[in-house]
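Some notes on the structure that comes next.
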Amino acid sequence: MEYVQLTSLTEPQLVAYIQSLGQPAFRGRQIYKWLHEKQVTDFSQMTDQPKAFLEKLSEAAVIETLTIARKQVSKDGTVKYLFRLPDGNCIESVVMRYSYGNTICVSTEVGCAMGCRFCASTQGGLVRRLTAGEICAEVYAAQKDVGERISNIVLMGIGEPLDNYNNVLDFLRIISSDHGINIGMRNISLSTCGLVPKIAELAQEGLGLTLSVSLHAPNNALRSSMMPVNDAYPVEELIAACRAYQQKTGRRISFEYAMVKGVNDTPACAEELAHLLRGMSAHINLIPINPVDGSQYSASDAKNVNDFKERLIALGMNATVRRRLGTDISAACGQLRQEAKGESDQ
Ligand code: SAH
């Protein structure tokens, strides 16, 4: 028998499920609060529920939880978790401390199918997609361990969020619900490598989150050499989808640009990039690439990154260099999971 994954249900779904067990709707709402506001990890903690009902519930349903397999704390306060799921798979989350609050970077999949040539997360391919409740559990477990409120979320960990569309959307609905942890959509960013049809679908959802697009190159030849997804959805289709997204939502789009020495960091690239994004309300985030094992890419040096930024600004663009946090604890996507895999393979 398949267990019902309780933490993955949105409030209306949970209420309907609890009613299907012969209970009144209010019990569903109470249980939703236990799971998402109080973030309990065991049925016995739901102290206002009848014992017999909890027994019946625990025979049919599970609360999705994870355990801390490893934890690293950086000198700058960044905390990186390697979480173990009940099936033995591992994922990563990172908590970053900013002046405006704590931000968590969550994984949405175990591994990734996208194949970006600079990314550690995709090296073993996609193992499986996470449930909505498992993504919630990353936030709850990290908040509990850090002991401070987490106020912002970026979906920029392992996996491609738009490749796990329905579960990610349920996660967003649950995590922003005011009967739960209540993290507003304005404090959430979703990052995608550019799955065009899903960007179009997301535009229709009417969510107030920030869309972040991993662009990394201003033309097809260069982008395809770095990201196989570009063969399916080339730059012109991606940018058209972004422009349509912007028109529909009125939200500024954030473009990630990982700078690779001698590859995408030339003055000509800056000019092509400015031309490509002209007229769009966009923010360009420049990140010196984090070299990962087995990749031929190395990071552009600081002067090149800064010159690139200045050139974009002179061309009327909005560009900043991303502050690097946690570099002493290999906090780039997927690095910790790869390290842990290497150790267990030995
Ligand atoms: N799949 C999504 C989200 C996860 S990756 C996406 O592609 O956007 C989060 C960000 O980290 C992306 O912008 C990704 O391109 C970038 N990234 C991955 N590996 C990196 C590396 N080695 N150095 C710098 N950025 C990297």
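Residue numbers start at 1 in each chain; chains themselves are named A, B, ... in the order of the structure tokens; ligands are numbered from 1 in the order shown.
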**Item:** Long-range neighbours of Val168 (chain A) as number ranges by chain, 12 Å cut-off, only C-alpha atoms, 4 positions minimum in chain
**Value:** A: 8-10, 106-109, 129-136, 155, 159-164, 172-175, 190-191, 198, 202
Restrict the selected residues to N, CA and C atoms and save them as a short mmCIF file (atom, residue, chain, number, x, y, z; two decimals), in the first residue's frame.
```
data_model
loop_
_atom_site.label_atom_id
_atom_site.label_comp_id
_atom_site.auth_asym_id
_atom_site.auth_seq_id
_atom_site.Cartn_x
_atom_site.Cartn_y
_atom_site.Cartn_z
N SER A 8 2.77 17.01 1.72
CA SER A 8 2.70 17.48 0.33
C SER A 8 1.33 18.00 -0.06
N LEU A 9 0.34 17.82 0.81
CA LEU A 9 -1.02 18.22 0.45
C LEU A 9 -1.24 19.70 0.76
N THR A 10 -1.82 20.42 -0.19
CA THR A 10 -2.23 21.81 0.08
C THR A 10 -3.38 21.75 1.09
N VAL A 106 16.92 26.04 -1.62
CA VAL A 106 16.44 24.65 -1.52
C VAL A 106 16.65 23.88 -2.82
N SER A 107 16.80 22.56 -2.67
CA SER A 107 16.83 21.64 -3.82
C SER A 107 15.41 21.25 -4.17
N THR A 108 15.17 20.99 -5.46
CA THR A 108 13.84 20.57 -5.89
C THR A 108 13.84 19.15 -6.48
N GLU A 109 15.06 18.62 -6.74
CA GLU A 109 15.16 17.26 -7.28
C GLU A 109 16.41 16.61 -6.70
N ARG A 129 12.40 13.21 -8.59
CA ARG A 129 11.90 14.54 -8.22
C ARG A 129 11.50 14.54 -6.75
N LEU A 130 11.62 15.68 -6.09
CA LEU A 130 11.19 15.76 -4.68
C LEU A 130 9.69 16.03 -4.62
N THR A 131 9.05 15.57 -3.56
CA THR A 131 7.65 15.90 -3.34
C THR A 131 7.59 17.32 -2.76
N ALA A 132 6.40 17.92 -2.79
CA ALA A 132 6.23 19.25 -2.20
C ALA A 132 6.61 19.22 -0.72
N GLY A 133 6.21 18.14 -0.05
CA GLY A 133 6.47 18.03 1.39
C GLY A 133 7.95 17.89 1.71
N GLU A 134 8.69 17.24 0.83
CA GLU A 134 10.13 17.12 1.04
C GLU A 134 10.81 18.48 0.90
N ILE A 135 10.33 19.29 -0.03
CA ILE A 135 10.93 20.64 -0.18
C ILE A 135 10.57 21.49 1.04
N CYS A 136 9.32 21.36 1.51
CA CYS A 136 8.93 22.04 2.77
C CYS A 136 9.85 21.59 3.91
N LEU A 155 14.78 29.01 -5.01
CA LEU A 155 14.78 27.65 -5.55
C LEU A 155 15.94 27.57 -6.53
N GLY A 159 18.70 20.51 -8.88
CA GLY A 159 17.49 20.22 -9.65
C GLY A 159 16.98 21.40 -10.45
N GLU A 160 16.09 21.11 -11.37
CA GLU A 160 15.47 22.14 -12.19
C GLU A 160 14.00 22.27 -11.74
N PRO A 161 13.65 23.36 -11.05
CA PRO A 161 12.30 23.47 -10.48
C PRO A 161 11.18 23.31 -11.51
N LEU A 162 11.39 23.83 -12.73
CA LEU A 162 10.30 23.75 -13.71
C LEU A 162 10.20 22.37 -14.36
N ASP A 163 11.17 21.48 -14.06
CA ASP A 163 11.10 20.08 -14.49
C ASP A 163 10.30 19.27 -13.45
N ASN A 164 9.97 19.91 -12.34
CA ASN A 164 9.18 19.26 -11.28
C ASN A 164 8.01 20.20 -10.97
N LEU A 172 5.04 25.91 -3.36
CA LEU A 172 4.90 27.37 -3.27
C LEU A 172 3.59 27.76 -2.59
N ARG A 173 2.53 27.02 -2.92
CA ARG A 173 1.23 27.33 -2.30
C ARG A 173 1.27 27.05 -0.80
N ILE A 174 1.90 25.95 -0.41
CA ILE A 174 1.95 25.56 1.00
C ILE A 174 2.84 26.53 1.78
N ILE A 175 4.01 26.83 1.25
CA ILE A 175 5.00 27.61 1.99
C ILE A 175 4.56 29.07 2.14
N LEU A 190 12.48 31.86 -8.01
CA LEU A 190 12.60 30.55 -8.66
C LEU A 190 13.56 30.68 -9.83
N SER A 191 14.55 29.81 -9.87
CA SER A 191 15.56 29.89 -10.91
C SER A 191 15.39 28.74 -11.90
N LYS A 198 7.27 25.91 -19.81
CA LYS A 198 6.93 26.02 -18.39
C LYS A 198 6.98 27.47 -17.91
N LEU A 202 3.96 29.21 -16.07
CA LEU A 202 4.15 29.92 -14.79
C LEU A 202 3.59 31.34 -14.86
#
```
**Prompt:** Could you list, as a PyMOL selection string, all the residues within 6 Å of ligand 1, counting only C-alpha atoms and all ligand atoms?
**Reply:** chain A and resi 118-119+156-160+191-193+213-214+256+258+289-292+333
**Request:** For Glu59 (chain A), list every protein, DNA or RNA residue within 12 Å, evaluated using only C-alpha atoms, and leave out those in the same chain fewer than 6 positions away; present the list as a PyMOL selection string.
**Result:** chain A and resi 1-5+21+43+52-53
**Request:** Calculate how many Å separate CA of Ala113 (chain A) from CA of Phe171 (chain A), rounding to one decimal.
**Result:** 20.5 Å
**Message:** Could you list, as a list in words, every residue within 7 Å of Phe308 (chain A), counting only C-alpha atoms and ignoring same-chain residues fewer than 6 positions away?
**Reply:** Asp265, Pro267 and Ala270 of chain A
Could you save the residues just selected, with N, CA and C atoms, as a PDB file, in the first residue's frame?
```pdb
ATOM      1  N   ASP A 265      33.173  36.072 -21.218  1.00  0.00           N
ATOM      2  CA  ASP A 265      33.455  37.290 -20.448  1.00  0.00           C
ATOM      3  C   ASP A 265      34.114  38.397 -21.276  1.00  0.00           C
ATOM      4  N   PRO A 267      34.324  41.749 -23.913  1.00  0.00           N
ATOM      5  CA  PRO A 267      33.527  42.957 -24.123  1.00  0.00           C
ATOM      6  C   PRO A 267      32.431  42.733 -25.164  1.00  0.00           C
ATOM      7  N   ALA A 270      29.421  41.271 -23.537  1.00  0.00           N
ATOM      8  CA  ALA A 270      28.661  42.260 -22.747  1.00  0.00           C
ATOM      9  C   ALA A 270      27.752  43.052 -23.678  1.00  0.00           C
TER      10      ALA A 270
END
```
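Shortest separation to Met259 (chain A) among A:Glu271, A:Glu237, A:Asp301, A:Glu148 occurs at residue A:Asp301, atoms counted being only C-alpha atoms.
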**Message:** With distances taken over only C-alpha atoms, which residue among A:Val154, A:Ser177, A:Ile239, A:Leu6 lies nearest Ala137 (chain A)?
**Reply:**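 Going through A:Val154, A:Ser177, A:Ile239, A:Leu6 one by one, the smallest distance to Ala137 (chain A) is for A:Leu6.
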**Message:** Write out as JSON, numbers by chain the set of residues from region 174-238 of chain A that DSSP, computed on the backbone, places in alpha helix (DSSP H).
**Reply:** {"A": [174, 175, 196, 197, 198, 199, 200, 201, 202, 203, 220, 221, 222, 223, 224, 225, 226, 229, 230, 231, 232, 235, 236, 237, 238]}
Restrict the selected residues to N, CA, C and O atoms and save them as a tab-separated table (two decimals), in the first residue's frame.
```
chain	number	residue	atom	x	y	z
A	174	ILE	N	1.90	25.95	-0.41
A	174	ILE	CA	1.95	25.56	1.00
A	174	ILE	C	2.84	26.53	1.78
A	174	ILE	O	2.47	27.02	2.85
A	175	ILE	N	4.01	26.83	1.25
A	175	ILE	CA	5.00	27.61	1.99
A	175	ILE	C	4.56	29.07	2.14
A	175	ILE	O	4.96	29.77	3.06
A	196	VAL	N	11.15	26.79	-21.73
A	196	VAL	CA	10.25	27.80	-22.28
A	196	VAL	C	8.75	27.52	-22.06
A	196	VAL	O	8.02	28.39	-21.59
A	197	PRO	N	8.25	26.32	-22.38
A	197	PRO	CA	6.80	26.11	-22.19
A	197	PRO	C	6.37	26.27	-20.74
A	197	PRO	O	5.26	26.73	-20.44
A	198	LYS	N	7.27	25.91	-19.81
A	198	LYS	CA	6.93	26.02	-18.39
A	198	LYS	C	6.98	27.47	-17.91
A	198	LYS	O	6.26	27.86	-17.00
A	199	ILE	N	7.85	28.28	-18.52
A	199	ILE	CA	7.87	29.71	-18.19
A	199	ILE	C	6.53	30.32	-18.60
A	199	ILE	O	5.94	31.11	-17.86
A	200	ALA	N	6.04	29.90	-19.76
A	200	ALA	CA	4.75	30.41	-20.23
A	200	ALA	C	3.63	29.98	-19.28
A	200	ALA	O	2.72	30.76	-18.97
A	201	GLU	N	3.71	28.73	-18.80
A	201	GLU	CA	2.69	28.23	-17.88
A	201	GLU	C	2.75	28.99	-16.54
A	201	GLU	O	1.72	29.38	-15.99
A	202	LEU	N	3.96	29.21	-16.07
A	202	LEU	CA	4.15	29.92	-14.79
A	202	LEU	C	3.59	31.34	-14.86
A	202	LEU	O	3.02	31.84	-13.88
A	203	ALA	N	3.72	31.96	-16.03
A	203	ALA	CA	3.22	33.33	-16.19
A	203	ALA	C	1.71	33.40	-15.94
A	203	ALA	O	1.19	34.41	-15.48
A	220	ASN	N	23.37	31.69	-29.24
A	220	ASN	CA	23.13	30.24	-29.27
A	220	ASN	C	24.40	29.40	-29.29
A	220	ASN	O	24.47	28.38	-28.59
A	221	ALA	N	25.40	29.83	-30.06
A	221	ALA	CA	26.61	29.00	-30.17
A	221	ALA	C	27.25	28.83	-28.79
A	221	ALA	O	27.54	27.70	-28.35
A	222	LEU	N	27.38	29.94	-28.10
A	222	LEU	CA	28.02	29.91	-26.80
A	222	LEU	C	27.14	29.21	-25.75
A	222	LEU	O	27.60	28.37	-24.98
A	223	ARG	N	25.85	29.54	-25.78
A	223	ARG	CA	24.96	28.98	-24.75
A	223	ARG	C	24.82	27.47	-24.94
A	223	ARG	O	24.83	26.72	-23.97
A	224	SER	N	24.73	27.01	-26.18
A	224	SER	CA	24.62	25.57	-26.42
A	224	SER	C	25.89	24.84	-25.98
A	224	SER	O	25.83	23.69	-25.56
A	225	SER	N	27.03	25.52	-26.07
A	225	SER	CA	28.27	24.86	-25.65
A	225	SER	C	28.32	24.69	-24.14
A	225	SER	O	29.00	23.81	-23.62
A	226	MET	N	27.57	25.51	-23.42
A	226	MET	CA	27.56	25.44	-21.95
A	226	MET	C	26.34	24.67	-21.41
A	226	MET	O	26.42	24.04	-20.37
A	229	VAL	N	20.32	22.37	-22.76
A	229	VAL	CA	18.91	22.77	-22.84
A	229	VAL	C	18.70	23.82	-23.92
A	229	VAL	O	17.60	23.96	-24.46
A	230	ASN	N	19.78	24.53	-24.28
A	230	ASN	CA	19.65	25.56	-25.30
A	230	ASN	C	19.34	24.99	-26.69
A	230	ASN	O	18.81	25.68	-27.54
A	231	ASP	N	19.68	23.69	-26.89
A	231	ASP	CA	19.35	23.08	-28.17
A	231	ASP	C	17.84	22.90	-28.31
A	231	ASP	O	17.29	22.97	-29.41
A	232	ALA	N	17.18	22.66	-27.19
A	232	ALA	CA	15.72	22.51	-27.23
A	232	ALA	C	15.03	23.87	-27.25
A	232	ALA	O	14.03	24.05	-27.95
A	235	VAL	N	18.07	30.74	-27.52
A	235	VAL	CA	18.06	32.04	-26.86
A	235	VAL	C	16.86	32.91	-27.30
A	235	VAL	O	16.19	33.51	-26.46
A	236	GLU	N	16.58	32.95	-28.61
A	236	GLU	CA	15.51	33.86	-29.06
A	236	GLU	C	14.15	33.43	-28.51
A	236	GLU	O	13.32	34.26	-28.12
A	237	GLU	N	13.93	32.09	-28.39
A	237	GLU	CA	12.65	31.63	-27.82
A	237	GLU	C	12.60	31.91	-26.32
A	237	GLU	O	11.56	32.27	-25.77
A	238	LEU	N	13.75	31.73	-25.67
A	238	LEU	CA	13.82	31.97	-24.23
A	238	LEU	C	13.53	33.44	-23.92
A	238	LEU	O	12.72	33.75	-23.04
```
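The gap separating CA of Glu64 (chain A) from CA of Gly88 (chain A) is 13.3 Å, in Å to one decimal.
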